[in-house]
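Here is the structure we will look at.
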Amino acid sequence: MANEATSNAASDHGHGGGHDDHHHEPNFFNKYIFSLDHKMIGKQFLLTTLIWLFVGGALALIVRWQLAYPGGNGEPAPRIPIIGSILEAMYGKPDITGDVYNMAFTMHASVMIFLVVIPMLVGAFGNFCIPLMIGARDMAFPFLNAASYWIMWPAIGLLLTSFVIDGAEGAPAAGWTSYPPLSYLAGDGQTLWCMAVILVGASSVMGAANYITTIVTMRGPGMRFFRMPLTVWSIFITSILSLLATPVLTSAMIMLLMDRLWGSSFFIPAGLSAGLDASTNAFNYASGGGFVVLYQHLFWFYSHPAVYIMILPAMGIVSDILSTFSRKPIFGYRPMVYSISGIAGLGFIVWGHHMFQSGMNPALGMTFMLSTMMIALPSAIKTFNWLATLWRGSIRFTVPMCFALAFVSMFVIGGLSGIFMAATPVDMHIHDTYFIVAHIHYVLFGGSLMGAFAGIYYWFPKMYGRHMNYTVGYVHFWLTLVAFNVTFFMMHIVGLGGMHRRTQDPYAKYVYIDGMLPMNRMMTWGAIILGFSQLLLLGNVIWSIFKGKKSEQNPWNANTLEWCAAPVGPGIHGNFGEFLPVTYRGPYEYSSPETDEDWLPQNKDLSATVAKSS
Amino acid sequence: MNSMRRSRIAPLALAALVLAGCSGDPMNVLPESASVEADDIDHLIYLIIYVTGIVFIGVQALFIWFLFRHRARPGVKAKHVHGNHTVELVWTIAPSLVLVILAVYQADLWVRLKSATPKDNADAVRLQIFAKQFEWNFRYPGADDEYGTKDDLVSTGNLVIPVDRPINAELRAMDVIHSFFLPNFRFKQDAVPGLRAPLWFRSNKLSADRAPVADRNGELQQLNYWDIVCAELCGNSHSAMAGRLFVVSSEDFEKWLAGEKLEGIPGHSFVGPARSTPGKIWERWSWQDSSAIKGPPRWSRNPFGEDDLGEDAVSDEDEDEDF
Ligand code: HEM
Ligand SMILES: [Cu+2]
Ligand SMILES: [Cu+2]
């Protein structure tokens with residue numbers, strides 16, 4: 001308690017004011033809702049994204065259900081349980097028509113990418129961890145920070161409205177990539193979708209500016225750049241990526257909006273037949289002058305770096321967790337930092353690998369092929385360093401560790417499948433097939449989400465001062481790992497077999513895909529189990545917030561400042577007591593010969609104890 | 001004795017692996033191949049399967065071994081080590097070599113697949129492919145070898161081509177992006193509004209000789225066409241945008257062009273631009289037939305050298321821009 005008082009006084013120096021809640025206890029409203037405390041904002045991000053995880057999951061189950069039970073052979077498609085009623089309420093009938101199906105996978109990916117993975121990894125963990133881990137009292141711009149969370153809500157509102165604004169035909173249904181002219185011709189939901197993406201992008205940019213400033217200017221005493229934990233490093237570099245790449249996406253969205261609303265024709269070529277005009281029964285000729293593929297360049301110029309925005313923070317989190325639970329320094333700390341930077345740099349010159357078959361000049365494809373091959377290299381280096389970190393460690397299989405290990409193992413599969421697609425002739429066959437879907441999910445679910453789950457179990461005691469239930473945690477882990485692989489591994493096989501993606505009923509027209517129906521059924525059941533398993537996580541989080549076992553100050557015997565320097569439990573505004581912690585060494589001094597314990601906190605002054613004992 | 005056996009088995013196994021890579025689809029996951037280029041791509045797919053397979057097995061085996069071997073045990077402290085320069089160098093250089101070799105190895109094939117015209121295409125068949133929601137339309141120039149004249153042949157949904165002869169097509173889209181995907185040829189090219197994408201492919205197998213395909217009940221179906229798939233999301237009936245590719249003998253192809261009815265193969269739907277049965281669509285095609293555009297399209301700066309189709313294939317302006 002005494003701690004709290006002094007720290008509130010001290011926080012005057014930490015962040016130049018702008019709010020006056022350090023003179024008295026903040027009221028409920030300021031503490032839980034419009035909080036400017038980075039820890040609370042991080043938790044707000046976390047809970048919001050966890051809830052959206054289920055919306056995204058339900059949308060994915062629409063897709064999977066349709067692929068498993070499409071009807072055909074004269075039989076009608078069986079009604080999808082539960083979700084069927086929601087569809088009925090929204091669109092008047094429970095059927096998964098072509099429009100509903102396209103809406104489902106479009107919104108699935110949009111929700112997962114823009115409302116789950118990016119805000120969870122960057123928003124939640126970035127916010128929560130950075131100031132605590134670098135020994136700062138808060139973010140550089142607390143107000144901007146709160147704004148970066150609250151601007152998500154108009155985006156969420158727009159996306160929710162877009163589902164129903166024009167019935168099933170009006171919802172966004174042009175894929176998360178939303179290529180024009182399809183997105184140009186689409187219903188009003190698409191307009192809302194573009195606006196939502198602009199807002200989410202604004203949130204990313206606000207967060208990125210804040211993180212970069214905080215890390216550059218507010219590291220605590222002794223916290224040199226090369227003493228920062230890899231979580232902080234990875235979010236730092238991620239922020240540079242978002243800051244540089246997101247504006248390009250925003251421009252593309254604005255141009256698309258202008259094309260849709262005011263006929264600007266940035267992307268629309270002359271002579272496009274925009275369907276028959278009902279009144280004149282003639283084709284609507286677009287005035288033209290634009291180029292369709294330009295949109296793809298702009299979109300992927302953002303979205304390839306974005307896939308690294310979605311994985312780098314998870315890589316950082318996983319590195320920290322692997323080191324902690326192997327009781328061993330991370331192998332190759334500096335090579336790890338350099339390879340993160342390498343990924344970020346190369347990430348800007350590989351976007352064309354999404355466009356090998358797009359009508360881009362194939363000569364250009366060759367250069368993108370080479371850079372894409374090379375971007376697999378830093379990922380390989382990181383993997384080898386993780387392996388070497390495990391080597392001769394003393395591995396504790398805690399729940400966060402299990403998820404971190406799953407990350408490594410699954411990421412290997414996703415990275416290796418990338419090499420198939422980087423080989424341009426092979427990509428000609430597997431582009432736009434389920435092979436790509438397999439790749440995406442091995443890196444984004446097997447990678448990013450596993451890493452995020454690891455982070456949730458790991459930092460939960462810090463966030464709420466309580467442990468999660470680890471028995472439920474292990475069940476969650478095994479169900480997730482097994483069901484994930486059942487769901488996604490076979491997608492490689494059907495993809496190579498030529499089953500293309502984004503198809504509502506491919507069985508009806510293609511006999512060779514009809515033969516893959518049994519495999520698709522199995523994937524669907526994997527997906528259903530995978531989806532329901534995540535309820536264990538949500539339930540565990542909510543239950544543990546109120547009822548979890550109380551946590552000690554440093555439950556994992558970790559070295560980093562958030563465990564060693566900040567007071568027990570959910571923490572206080574201003575993070576540290578009267579004095580900021582002083583950092584004496586890097587974050588990974590586990591099993592060091594300098595001490596008898598197998599951990600050595602970053603802020604422990606060894607010279608002082610030596611002096612005392614001698 | 002033992003070691004001798006081992007030393008003999010290792011190269012044999014390796015040779016088997018390589019041979020398997022050269023011959024078709026040992027894992028039986030790919031659609032039946034219908035062209036030489038498909039075989040070449042399959043070869044590359046298998047090469048990458050083996051390379052990544054070795055890495056995959058190596059990494060996962062080490063991983064599981066470490067988890068088992070180095071699990072926490074009482075009294076055993078972890079080794080305090082921060083890294084090692086030599087191993088970092090090794091595992092940086094080794095994979096980059098593999099990656100660069102892969103990149104260089106497959107570059108040649110890419111050039112061959114995407115050149116506007118194949119090298120030996122004296123007897124190439126010219127045609128245009130128009131993609132629209134949700135059907136494929138094919139137009140042959142007819143005897144005068146020019147589009148937009150009375151002897152044009154048009155076919156909707158069905159493409160008929162001769163075996164062993166290269167097809168030089170130009171691919172266009174009328175409304176949104178589509179993608180011309182031939183799973184049995186491992187061939188794909190997006191159809192983009194506003195772009196005349198050049199493409200070529202060549203079949204070495206009659207579609208009537210296609211191996212039976214199993215349906216969802218495991219029953220084998222004998223089909224006499226290869227599938228044409230639209231692989232790019234193009235709207236609510238995207239998954240129904242299928243076409244059929246009939247590969248027939250050269251003689252049969254000439255008969256088909258002449259309007260003779262062939263067993264099991266649909267005829268072309270109509271001749272000439274005047275009879276515009278699908279009405280509006282045909283109007284749109286004529287409209288796209290700008291008289292300024294003659295000859296087959298090519299990538300704006302043909303990166304892969306000369307076209308072999310002949311002088312008249314290249315308009316004069318194009319010639320000037322060519323490097
Ligand atoms: C090891 C390095 C990687 C390589 C060589 C690689 C390569 C590729 C290539 C060539 C494509 C385009 C395939 C196509 O559409 O034909 C692709 C798609 C994709 N990759 Fe990767 N990738 C790698 C790692 C990652 C990572 C780490 C992530 C995300 C965390 C990721 C996420 C994606 C996504 C989301 C797509 C598909 C986007 C879409 O079309 O909807 N990739 N990758
Ligand atoms: Cu990419
Ligand atoms: Cu299509």
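Ligands are numbered from 1 in the order shown, chains are lettered A, B, ... in the order of the structure tokens, and residues start at 1 in each chain.
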
Residues up to 8 Å from ligand 2, counting only C-alpha atoms and all ligand atoms: could you list those as a PyMOL selection string? chain A and resi 300+303-305+307+347+350-354

Go ahead and save the residues from that selection, with all heavy atoms, as a PDB file, in the first residue's frame.
ATOM      1  N   TRP A 300      -0.748  -5.464 -51.288  1.00  0.00           N
ATOM      2  CA  TRP A 300       0.284  -6.387 -50.798  1.00  0.00           C
ATOM      3  C   TRP A 300       1.509  -5.654 -50.301  1.00  0.00           C
ATOM      4  O   TRP A 300       2.268  -6.188 -49.501  1.00  0.00           O
ATOM      5  CB  TRP A 300       0.640  -7.423 -51.867  1.00  0.00           C
ATOM      6  CG  TRP A 300      -0.485  -8.388 -52.070  1.00  0.00           C
ATOM      7  CD1 TRP A 300      -1.235  -8.546 -53.198  1.00  0.00           C
ATOM      8  CD2 TRP A 300      -1.019  -9.311 -51.107  1.00  0.00           C
ATOM      9  NE1 TRP A 300      -2.193  -9.506 -52.991  1.00  0.00           N
ATOM     10  CE2 TRP A 300      -2.087  -9.987 -51.721  1.00  0.00           C
ATOM     11  CE3 TRP A 300      -0.698  -9.619 -49.781  1.00  0.00           C
ATOM     12  CZ2 TRP A 300      -2.835 -10.962 -51.069  1.00  0.00           C
ATOM     13  CZ3 TRP A 300      -1.449 -10.582 -49.125  1.00  0.00           C
ATOM     14  CH2 TRP A 300      -2.499 -11.238 -49.772  1.00  0.00           C
ATOM     15  N   SER A 303       0.207  -5.647 -47.065  1.00  0.00           N
ATOM     16  CA  SER A 303      -0.206  -6.898 -46.430  1.00  0.00           C
ATOM     17  C   SER A 303       0.908  -7.908 -46.325  1.00  0.00           C
ATOM     18  O   SER A 303       0.835  -8.789 -45.491  1.00  0.00           O
ATOM     19  CB  SER A 303      -1.407  -7.492 -47.150  1.00  0.00           C
ATOM     20  OG  SER A 303      -2.534  -6.695 -46.868  1.00  0.00           O
ATOM     21  N   HIS A 304       1.939  -7.814 -47.170  1.00  0.00           N
ATOM     22  CA  HIS A 304       3.036  -8.714 -46.837  1.00  0.00           C
ATOM     23  C   HIS A 304       3.747  -8.281 -45.563  1.00  0.00           C
ATOM     24  O   HIS A 304       3.889  -9.094 -44.658  1.00  0.00           O
ATOM     25  CB  HIS A 304       4.024  -8.996 -47.962  1.00  0.00           C
ATOM     26  CG  HIS A 304       4.989 -10.013 -47.455  1.00  0.00           C
ATOM     27  ND1 HIS A 304       4.720 -11.346 -47.468  1.00  0.00           N
ATOM     28  CD2 HIS A 304       6.122  -9.873 -46.741  1.00  0.00           C
ATOM     29  CE1 HIS A 304       5.660 -11.983 -46.806  1.00  0.00           C
ATOM     30  NE2 HIS A 304       6.526 -11.121 -46.354  1.00  0.00           N
ATOM     31  N   PRO A 305       4.182  -7.026 -45.442  1.00  0.00           N
ATOM     32  CA  PRO A 305       4.702  -6.631 -44.123  1.00  0.00           C
ATOM     33  C   PRO A 305       3.714  -6.963 -43.006  1.00  0.00           C
ATOM     34  O   PRO A 305       4.108  -7.334 -41.907  1.00  0.00           O
ATOM     35  CB  PRO A 305       4.913  -5.126 -44.264  1.00  0.00           C
ATOM     36  CG  PRO A 305       5.214  -4.939 -45.711  1.00  0.00           C
ATOM     37  CD  PRO A 305       4.361  -5.955 -46.425  1.00  0.00           C
ATOM     38  N   VAL A 307       1.828  -9.514 -42.653  1.00  0.00           N
ATOM     39  CA  VAL A 307       1.912 -10.881 -42.133  1.00  0.00           C
ATOM     40  C   VAL A 307       3.068 -10.984 -41.141  1.00  0.00           C
ATOM     41  O   VAL A 307       3.015 -11.760 -40.201  1.00  0.00           O
ATOM     42  CB  VAL A 307       2.027 -11.964 -43.233  1.00  0.00           C
ATOM     43  CG1 VAL A 307       0.907 -11.840 -44.231  1.00  0.00           C
ATOM     44  CG2 VAL A 307       3.376 -11.979 -43.894  1.00  0.00           C
ATOM     45  N   GLY A 347      10.951  -7.895 -45.891  1.00  0.00           N
ATOM     46  CA  GLY A 347       9.489  -7.910 -45.964  1.00  0.00           C
ATOM     47  C   GLY A 347       8.924  -6.850 -46.886  1.00  0.00           C
ATOM     48  O   GLY A 347       7.803  -6.983 -47.367  1.00  0.00           O
ATOM     49  N   VAL A 350       9.067  -8.190 -51.031  1.00  0.00           N
ATOM     50  CA  VAL A 350       8.589  -9.498 -51.486  1.00  0.00           C
ATOM     51  C   VAL A 350       7.102  -9.498 -51.847  1.00  0.00           C
ATOM     52  O   VAL A 350       6.559 -10.540 -52.168  1.00  0.00           O
ATOM     53  CB  VAL A 350       8.829 -10.590 -50.420  1.00  0.00           C
ATOM     54  CG1 VAL A 350      10.298 -10.755 -50.144  1.00  0.00           C
ATOM     55  CG2 VAL A 350       8.078 -10.297 -49.149  1.00  0.00           C
ATOM     56  N   TRP A 351       6.453  -8.325 -51.787  1.00  0.00           N
ATOM     57  CA  TRP A 351       4.997  -8.351 -51.903  1.00  0.00           C
ATOM     58  C   TRP A 351       4.515  -9.015 -53.186  1.00  0.00           C
ATOM     59  O   TRP A 351       3.443  -9.603 -53.235  1.00  0.00           O
ATOM     60  CB  TRP A 351       4.441  -6.936 -51.750  1.00  0.00           C
ATOM     61  CG  TRP A 351       4.546  -6.093 -52.993  1.00  0.00           C
ATOM     62  CD1 TRP A 351       3.633  -6.041 -54.000  1.00  0.00           C
ATOM     63  CD2 TRP A 351       5.607  -5.198 -53.375  1.00  0.00           C
ATOM     64  NE1 TRP A 351       4.048  -5.165 -54.983  1.00  0.00           N
ATOM     65  CE2 TRP A 351       5.258  -4.637 -54.625  1.00  0.00           C
ATOM     66  CE3 TRP A 351       6.808  -4.825 -52.781  1.00  0.00           C
ATOM     67  CZ2 TRP A 351       6.072  -3.723 -55.285  1.00  0.00           C
ATOM     68  CZ3 TRP A 351       7.611  -3.913 -53.442  1.00  0.00           C
ATOM     69  CH2 TRP A 351       7.250  -3.377 -54.682  1.00  0.00           C
ATOM     70  N   GLY A 352       5.328  -8.916 -54.242  1.00  0.00           N
ATOM     71  CA  GLY A 352       4.889  -9.476 -55.527  1.00  0.00           C
ATOM     72  C   GLY A 352       4.687 -10.980 -55.517  1.00  0.00           C
ATOM     73  O   GLY A 352       4.105 -11.523 -56.449  1.00  0.00           O
ATOM     74  N   HIS A 353       5.153 -11.677 -54.455  1.00  0.00           N
ATOM     75  CA  HIS A 353       4.952 -13.134 -54.479  1.00  0.00           C
ATOM     76  C   HIS A 353       3.477 -13.506 -54.321  1.00  0.00           C
ATOM     77  O   HIS A 353       3.117 -14.656 -54.512  1.00  0.00           O
ATOM     78  CB  HIS A 353       5.836 -13.864 -53.464  1.00  0.00           C
ATOM     79  CG  HIS A 353       5.540 -13.586 -52.028  1.00  0.00           C
ATOM     80  ND1 HIS A 353       6.521 -13.609 -51.064  1.00  0.00           N
ATOM     81  CD2 HIS A 353       4.407 -13.300 -51.370  1.00  0.00           C
ATOM     82  CE1 HIS A 353       5.979 -13.340 -49.890  1.00  0.00           C
ATOM     83  NE2 HIS A 353       4.710 -13.153 -50.050  1.00  0.00           N
ATOM     84  N   HIS A 354       2.639 -12.549 -53.983  1.00  0.00           N
ATOM     85  CA  HIS A 354       1.207 -12.829 -53.961  1.00  0.00           C
ATOM     86  C   HIS A 354       0.595 -12.621 -55.349  1.00  0.00           C
ATOM     87  O   HIS A 354      -0.584 -12.846 -55.531  1.00  0.00           O
ATOM     88  CB  HIS A 354       0.500 -11.915 -52.963  1.00  0.00           C
ATOM     89  CG  HIS A 354       0.962 -12.128 -51.557  1.00  0.00           C
ATOM     90  ND1 HIS A 354       0.408 -13.067 -50.728  1.00  0.00           N
ATOM     91  CD2 HIS A 354       1.970 -11.568 -50.851  1.00  0.00           C
ATOM     92  CE1 HIS A 354       1.032 -13.062 -49.560  1.00  0.00           C
ATOM     93  NE2 HIS A 354       1.990 -12.159 -49.600  1.00  0.00           N
TER      94      HIS A 354
END

Contacts of range 85-91 of chain B within 8 Å, only C-alpha atoms, excl. fewer than 3 positions in-chain, as an mmCIF file with N, CA, C and O atoms, in the first residue's frame:
data_model
loop_
_atom_site.group_PDB
_atom_site.id
_atom_site.type_symbol
_atom_site.label_atom_id
_atom_site.label_comp_id
_atom_site.auth_asym_id
_atom_site.auth_seq_id
_atom_site.Cartn_x
_atom_site.Cartn_y
_atom_site.Cartn_z
ATOM 1 N N GLY A 332 21.986 -17.112 -29.203
ATOM 2 C CA GLY A 332 22.148 -16.132 -30.281
ATOM 3 C C GLY A 332 21.225 -14.937 -30.155
ATOM 4 O O GLY A 332 20.431 -14.663 -31.052
ATOM 5 N N PRO A 335 22.015 -12.444 -33.100
ATOM 6 C CA PRO A 335 21.475 -12.962 -34.369
ATOM 7 C C PRO A 335 19.946 -12.932 -34.415
ATOM 8 O O PRO A 335 19.353 -12.678 -35.468
ATOM 9 N N ILE A 381 16.982 -19.134 -39.470
ATOM 10 C CA ILE A 381 17.961 -18.822 -38.422
ATOM 11 C C ILE A 381 17.283 -18.782 -37.061
ATOM 12 O O ILE A 381 17.787 -19.326 -36.073
ATOM 13 N N PHE A 384 16.519 -22.294 -35.843
ATOM 14 C CA PHE A 384 17.700 -23.011 -35.341
ATOM 15 C C PHE A 384 18.107 -22.482 -33.973
ATOM 16 O O PHE A 384 18.518 -23.243 -33.095
ATOM 17 N N ALA B 94 24.399 -22.417 -44.907
ATOM 18 C CA ALA B 94 23.860 -23.643 -45.514
ATOM 19 C C ALA B 94 22.450 -23.428 -46.082
ATOM 20 O O ALA B 94 22.226 -23.695 -47.266
ATOM 21 N N PRO B 95 21.505 -22.927 -45.292
ATOM 22 C CA PRO B 95 20.181 -22.744 -45.903
ATOM 23 C C PRO B 95 20.176 -21.722 -47.031
ATOM 24 O O PRO B 95 19.433 -21.888 -48.004
#

Give as a ChimeraX atom specification the residues surrounding ligand 3 up to a distance of 12 Å, considering only C-alpha atoms and all ligand atoms. /A:182,500,502-503 /B:130-137,172-181,189-193,228-243

Would you kindly return, as a CSV table (one decimal) with C-alpha atoms, in the first residue's frame, each protein, DNA or RNA residue with an atom no farther than 7 Å from any atom of range 23-39 of chain B, considering only C-alpha atoms and excluding same-chain residues fewer than 4 positions away?
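Listed below is the output, selection.csv:
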chain,number,residue,atom,x,y,z
A,493,ILE,CA,-3.0,-32.4,-49.8
A,496,LEU,CA,-1.9,-29.9,-54.3
A,497,GLY,CA,-4.8,-31.9,-55.6
A,498,GLY,CA,-6.1,-28.8,-57.2
B,19,LEU,CA,14.0,-41.2,-59.6
B,43,HIS,CA,9.4,-32.8,-60.7
B,183,PRO,CA,-5.2,-28.4,-62.7
B,184,ASN,CA,-4.0,-31.2,-65.0
B,185,PHE,CA,-1.6,-28.8,-66.7
B,186,ARG,CA,-0.6,-27.1,-63.4
B,202,ARG,CA,0.3,-27.7,-74.8
B,203,SER,CA,-1.3,-31.0,-74.0
B,204,ASN,CA,0.4,-34.4,-74.6
B,205,LYS,CA,-2.6,-36.5,-73.7

Distance CA of Pro506 in chain A-CA of Leu67 in chain A, one decimal place?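 Taking CA of Pro506 in chain A and CA of Leu67 in chain A, their separation equals 8.4 Å.
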
Quick one: residues within 6 Å of ligand 1, with only C-alpha atoms and all ligand atoms, as a ChimeraX atom specification? /A:307-308,310-311,353-354,372-373,375-376,379,415,418-419,421-422,427,431-432,436,440,443-444

Taking the chain letters and numbering used in this document, name the residues of range 23-89 of chain A that DSSP puts in helix (DSSP H, G or I), as a count of residues only. 44

Ser326 in chain A surroundings by only C-alpha atoms, 7 Å radius, close-in-sequence under 5 positions cut, as JSON, numbers by chain: {"A": [390, 393, 394, 395, 396]}

Could the residues in this selection be written to a file with all heavy atoms, as a tab-separated table (two decimals), in the first residue's frame?
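Once written, part_5.tsv looks like this:
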chain	number	residue	atom	x	y	z
A	390	LEU	N	16.83	-24.81	-26.61
A	390	LEU	CA	16.34	-25.99	-25.88
A	390	LEU	C	17.47	-26.95	-25.52
A	390	LEU	O	17.44	-27.62	-24.50
A	390	LEU	CB	15.30	-26.74	-26.72
A	390	LEU	CG	14.03	-25.96	-27.06
A	390	LEU	CD1	13.18	-26.76	-28.03
A	390	LEU	CD2	13.26	-25.67	-25.79
A	393	GLY	N	19.07	-27.49	-22.08
A	393	GLY	CA	18.32	-26.69	-21.12
A	393	GLY	C	17.83	-27.59	-20.00
A	393	GLY	O	18.21	-28.75	-19.89
A	394	SER	N	16.98	-27.00	-19.17
A	394	SER	CA	16.33	-27.79	-18.13
A	394	SER	C	14.85	-27.47	-18.27
A	394	SER	O	14.30	-26.59	-17.63
A	394	SER	CB	16.89	-27.35	-16.76
A	394	SER	OG	16.16	-27.97	-15.75
A	395	ILE	N	14.23	-28.21	-19.20
A	395	ILE	CA	12.95	-27.75	-19.75
A	395	ILE	C	11.78	-28.04	-18.83
A	395	ILE	O	11.58	-29.17	-18.40
A	395	ILE	CB	12.72	-28.40	-21.13
A	395	ILE	CG1	13.87	-28.01	-22.08
A	395	ILE	CG2	11.39	-27.98	-21.71
A	395	ILE	CD1	13.89	-28.77	-23.37
A	396	ARG	N	11.02	-27.01	-18.50
A	396	ARG	CA	9.80	-27.15	-17.67
A	396	ARG	C	8.60	-27.06	-18.59
A	396	ARG	O	8.42	-26.03	-19.25
A	396	ARG	CB	9.70	-26.02	-16.66
A	396	ARG	CG	10.99	-25.59	-16.02
A	396	ARG	CD	11.25	-26.36	-14.76
A	396	ARG	NE	12.69	-26.62	-14.63
A	396	ARG	CZ	13.47	-26.01	-13.73
A	396	ARG	NH1	12.97	-25.15	-12.91
A	396	ARG	NH2	14.77	-26.34	-13.66

Contact residues around range 46-52 of chain A with only C-alpha atoms at 7 Å, ignoring same-chain residues under 6 positions, as an MDAnalysis selection string: chainID A and resid 115:116 119:120 124

Could those residues be written to a file, using all heavy atoms, as a compact mmCIF listing (two decimals), in the first residue's frame?
# COMPACT_ATOMS: atom_id res chain seq x y z
N LEU A 115 -9.12 -7.67 -36.31
CA LEU A 115 -9.69 -7.51 -34.97
C LEU A 115 -9.16 -8.53 -33.97
O LEU A 115 -9.48 -8.46 -32.80
CB LEU A 115 -11.22 -7.61 -35.02
CG LEU A 115 -11.95 -6.54 -35.81
CD1 LEU A 115 -13.44 -6.70 -35.66
CD2 LEU A 115 -11.53 -5.15 -35.39
N VAL A 116 -8.41 -9.52 -34.42
CA VAL A 116 -7.89 -10.48 -33.45
C VAL A 116 -6.36 -10.47 -33.43
O VAL A 116 -5.75 -10.01 -32.46
CB VAL A 116 -8.42 -11.91 -33.71
CG1 VAL A 116 -7.83 -12.88 -32.69
CG2 VAL A 116 -9.94 -11.92 -33.61
N PRO A 119 -4.49 -6.72 -33.24
CA PRO A 119 -4.67 -6.03 -31.95
C PRO A 119 -4.30 -6.88 -30.74
O PRO A 119 -3.97 -6.33 -29.69
CB PRO A 119 -6.15 -5.67 -31.94
CG PRO A 119 -6.78 -6.40 -33.03
CD PRO A 119 -5.75 -6.82 -34.00
N MET A 120 -4.35 -8.20 -30.87
CA MET A 120 -3.98 -9.00 -29.71
C MET A 120 -2.46 -8.95 -29.51
O MET A 120 -1.96 -8.64 -28.43
CB MET A 120 -4.44 -10.45 -29.86
CG MET A 120 -4.22 -11.27 -28.59
SD MET A 120 -4.63 -13.00 -28.78
CE MET A 120 -6.40 -12.99 -28.70
N ALA A 124 -2.52 -5.69 -27.37
CA ALA A 124 -2.57 -6.20 -26.00
C ALA A 124 -1.16 -6.40 -25.43
O ALA A 124 -0.80 -5.82 -24.40
CB ALA A 124 -3.37 -7.50 -25.96

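Within 10 Å of range 67-72 of chain B there are Phe325, Ser326, Arg327, Leu387, Leu390, Trp391, Arg392, Gly393, Ser394, Ile395, Arg396, Phe397 and Leu405 of chain A; Ala61, Leu62, Phe63, Ile64, Gly75, Val76, Lys77 and Ala78 of chain B, counting only C-alpha atoms and ignoring same-chain residues fewer than 3 positions away.
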
Spatial neighbours of Ile529 in chain A, max dist 10 Å, only C-alpha atoms, sep filter under 6 positions, as a PyMOL selection string: chain A and resi 479-480+482-484+486-487+523

As a PyMOL selection string, please: every residue in range 217-250 of chain B that DSSP puts in strand (DSSP E or B). chain B and resi 220-221+226-230+242-248

Return the single residue from A:Val408, A:Val437, A:Met112, A:Ala558 that is closest to chain B, with distances computed using only C-alpha atoms. A:Val408

Between B:Leu199, B:Gly218, B:Phe253, B:Arg244, which residue has the minimum interatomic distance to Arg112 in chain B, considering only C-alpha atoms?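 Of B:Leu199, B:Gly218, B:Phe253, B:Arg244, the one nearest Arg112 in chain B is B:Leu199, counting only C-alpha atoms.
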
Counting only C-alpha atoms, the option among B:Gly142, B:Val55, B:Val104, B:Asp215 closest to chain A: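 Nearest to chain A: B:Asp215.
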